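Participant: Just work24.csv, nothing more (CSV, C-alpha atoms):
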```csv
chain,number,residue,atom,x,y,z
A,1,MET,CA,-31.4,6.0,36.1
A,2,ASN,CA,-29.8,8.4,38.4
A,3,THR,CA,-27.6,11.3,37.1
A,4,ARG,CA,-24.3,9.6,38.2
A,5,LYS,CA,-25.0,6.5,36.1
A,6,LEU,CA,-26.2,8.6,33.2
A,7,GLY,CA,-23.0,10.7,33.4
A,8,LEU,CA,-20.8,7.6,33.4
A,9,ALA,CA,-22.8,6.1,30.5
A,10,SER,CA,-22.4,9.3,28.5
A,11,LEU,CA,-18.7,9.4,29.3
A,12,GLY,CA,-18.3,5.8,28.2
A,13,LEU,CA,-20.1,6.5,24.9
A,14,PHE,CA,-18.0,9.6,24.3
A,15,ILE,CA,-14.8,7.6,24.8
A,16,LEU,CA,-16.0,4.8,22.5
A,17,LEU,CA,-17.0,7.2,19.7
A,18,ALA,CA,-13.8,9.3,20.1
A,19,SER,CA,-11.5,6.3,19.9
A,20,ALA,CA,-13.3,5.0,16.8
A,21,CYS,CA,-12.6,8.3,15.0
A,22,TYR,CA,-9.0,8.6,16.1
A,23,PRO,CA,-6.4,7.4,13.5
A,24,ALA,CA,-4.6,4.1,14.0
A,25,ARG,CA,-1.9,4.2,16.6
A,26,ALA,CA,1.8,3.5,15.9
A,27,GLY,CA,2.4,-0.2,16.4
A,28,THR,CA,-0.7,-1.4,14.6
A,29,ALA,CA,-0.5,-3.1,11.3
A,30,ALA,CA,-2.4,-0.4,9.4
A,31,ALA,CA,-0.3,2.5,10.8
A,32,ASP,CA,3.0,0.7,10.3
A,33,ARG,CA,2.4,-0.5,6.7
A,34,ASN,CA,4.7,1.3,4.3
A,35,PRO,CA,3.0,1.8,0.9
A,36,TYR,CA,6.3,1.5,-0.9
A,37,VAL,CA,7.7,-1.7,0.8
A,38,ILE,CA,6.4,-5.2,1.3
A,39,THR,CA,8.3,-6.7,4.2
A,40,SER,CA,9.3,-10.2,5.0
A,41,GLU,CA,6.6,-10.3,7.6
A,42,GLU,CA,3.9,-9.4,5.1
A,43,LEU,CA,5.4,-11.9,2.6
A,44,ARG,CA,5.1,-14.7,5.2
A,45,ASP,CA,1.4,-14.1,5.8
A,46,VAL,CA,0.1,-13.6,2.3
A,47,PRO,CA,-1.6,-16.5,0.5
A,48,ALA,CA,0.3,-16.1,-2.8
A,49,ASP,CA,2.7,-18.3,-4.9
A,50,ASP,CA,4.9,-15.7,-6.5
A,51,ALA,CA,6.0,-12.1,-6.3
A,52,TYR,CA,3.4,-10.9,-8.9
A,53,GLU,CA,0.6,-12.4,-6.8
A,54,VAL,CA,2.0,-10.9,-3.6
A,55,ILE,CA,1.9,-7.4,-5.1
A,56,GLN,CA,-1.5,-8.0,-6.7
A,57,LEU,CA,-2.9,-8.8,-3.3
A,58,LEU,CA,-1.0,-6.3,-1.1
A,59,ARG,CA,-0.1,-3.3,-3.2
A,60,PRO,CA,-2.1,-3.4,-6.5
A,61,ALA,CA,-1.5,0.3,-7.1
A,62,TRP,CA,2.1,-0.6,-8.0
A,63,PHE,CA,0.8,-2.1,-11.2
A,64,THR,CA,-1.1,1.0,-12.2
A,65,GLN,CA,0.2,2.1,-15.6
A,66,ARG,CA,1.6,5.5,-15.7
A,67,SER,CA,2.1,7.3,-19.0
A,68,GLY,CA,1.0,4.1,-20.7
A,69,ARG,CA,3.9,2.2,-19.2
A,70,SER,CA,4.4,-0.4,-16.5
A,71,PRO,CA,7.1,-0.4,-13.8
A,72,GLN,CA,10.4,-2.1,-14.6
A,73,VAL,CA,11.5,-5.0,-12.5
A,74,PHE,CA,14.9,-5.0,-10.8
A,75,VAL,CA,16.4,-7.8,-8.7
A,76,ASN,CA,18.7,-6.9,-5.9
A,77,GLY,CA,19.2,-3.4,-7.5
A,78,SER,CA,19.9,-4.6,-11.0
A,79,PRO,CA,17.6,-4.4,-14.1
A,80,ARG,CA,15.8,-7.6,-14.9
A,81,GLY,CA,12.9,-6.8,-17.3
A,82,GLY,CA,9.1,-6.3,-17.3
A,83,LEU,CA,6.4,-7.3,-14.9
A,84,SER,CA,6.3,-10.9,-16.1
A,85,GLU,CA,9.7,-11.4,-14.4
A,86,LEU,CA,7.8,-11.2,-11.1
A,87,ARG,CA,6.2,-14.6,-11.8
A,88,THR,CA,9.7,-16.2,-11.7
A,89,PHE,CA,10.2,-15.5,-8.0
A,90,ARG,CA,8.4,-17.8,-5.6
A,91,ARG,CA,7.2,-16.0,-2.5
A,92,GLU,CA,9.6,-18.0,-0.3
A,93,MET,CA,12.6,-16.7,-2.3
A,94,VAL,CA,11.7,-13.1,-1.7
A,95,THR,CA,12.8,-11.2,1.4
A,96,GLU,CA,11.5,-7.8,0.3
A,97,LEU,CA,9.6,-6.0,-2.5
A,98,ARG,CA,10.1,-2.2,-2.9
A,99,TYR,CA,8.4,0.2,-5.3
A,100,ILE,CA,10.6,3.1,-6.4
A,101,ASP,CA,8.7,6.0,-8.0
A,102,ALA,CA,9.7,7.4,-11.4
A,103,THR,CA,11.5,10.4,-9.9
A,104,ASP,CA,13.7,8.3,-7.5
A,105,ALA,CA,14.3,5.7,-10.2
A,106,THR,CA,15.5,8.3,-12.7
A,107,THR,CA,17.8,9.8,-10.1
A,108,ARG,CA,19.3,6.4,-9.3
A,109,TRP,CA,19.4,4.8,-12.8
A,110,GLY,CA,18.8,7.5,-15.4
A,111,THR,CA,16.0,7.9,-17.8
A,112,GLY,CA,13.6,5.2,-19.0
A,113,TYR,CA,11.7,4.6,-15.7
A,114,MET,CA,8.6,6.7,-16.2
A,115,ALA,CA,6.4,4.2,-14.4
A,116,GLY,CA,9.0,3.5,-11.7
A,117,VAL,CA,10.8,0.3,-10.6
A,118,ILE,CA,9.8,-2.7,-8.5
A,119,ASP,CA,12.9,-3.9,-6.8
A,120,VAL,CA,12.8,-7.5,-5.7
A,121,THR,CA,15.3,-8.5,-2.9
A,122,ILE,CA,15.9,-12.3,-3.0
A,123,ARG,CA,17.8,-14.6,-0.8
```
Using structure tokens, write down the structure from this file.

Facilitator:
Amino acid sequence: MNTRKLGLASLGLFILLASACYPARAGTAAADRNPYVITSEELRDVPADDAYEVIQLLRPAWFTQRSGRSPQVFVNGSPRGGLSELRTFRREMVTELRYIDATDATTRWGTGYMAGVIDVTIR
């Protein structure tokens, strides 16, 4: 192999390795995914029957108990109840799911939301 071919092969290998280590570019699904929101596009593509299953598949960390508590469920910005309420919303009814952390939930609605809020936006 001559030096020109060897140089091109080395350059190609370098570019391949460098691109594999580089973070995802904007515009790709991984880079654009918001950890606090499940969009209508994500809802459309997930194989789940209800809002609870959607979250379980796409953002299971939302269910992690904090301070021995679970997030409260809101619907269109109004209190609804505990996590079991998520089972009442068919995936097709939901336009967006949003996790609001404890600090932001307390700022918006007062105390009592130590594990945050999952706000379900329905049609």

Participant: Compile the contact shell of Glu42 (chain A) as a PyMOL selection string: residues with an atom at most 10 Å away, counting all atoms listed in the file, same-chain residues fewer than 4 positions apart removed.

Facilitator: chain A and resi 29+33+37-38+46+54+58+95-96

Participant: Would you work out the distance separating CA of Thr88 (chain A) from CA of Tyr52 (chain A), expressed in Å to one decimal?

Facilitator: 8.7 Å

Participant: Record the distance separating CA of Asn34 (chain A) and CA of Trp62 (chain A), expressed in Å with one decimal.

Facilitator: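 CA of Trp62 (chain A) lies 12.7 Å from CA of Asn34 (chain A).
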
Participant: Need the shell around Ile122 (chain A): protein/DNA/RNA residues with any atom at most 10 Å away, counting all atoms listed in the file. Skip same-chain ones fewer than 5 positions apart. Format as a list in words?

Facilitator: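 Near neighbours after the sequence-gap exclusion: Val75, Asn76, Phe89, Arg90, Arg91, Glu92, Met93, Val94, Thr95, Glu96 and Leu97 of chain A.
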
Participant: Got a sec to check which residues sit within 12 Å of (4.9, 6.5, -16.8), counting only C-alpha atoms, and write them as a list in words?

Facilitator: Trp62, Phe63, Thr64, Gln65, Arg66, Ser67, Gly68, Arg69, Ser70, Pro71, Gln72, Asp101, Ala102, Thr103, Ala105, Thr106, Thr111, Gly112, Tyr113, Met114, Ala115, Gly116 and Val117 of chain A
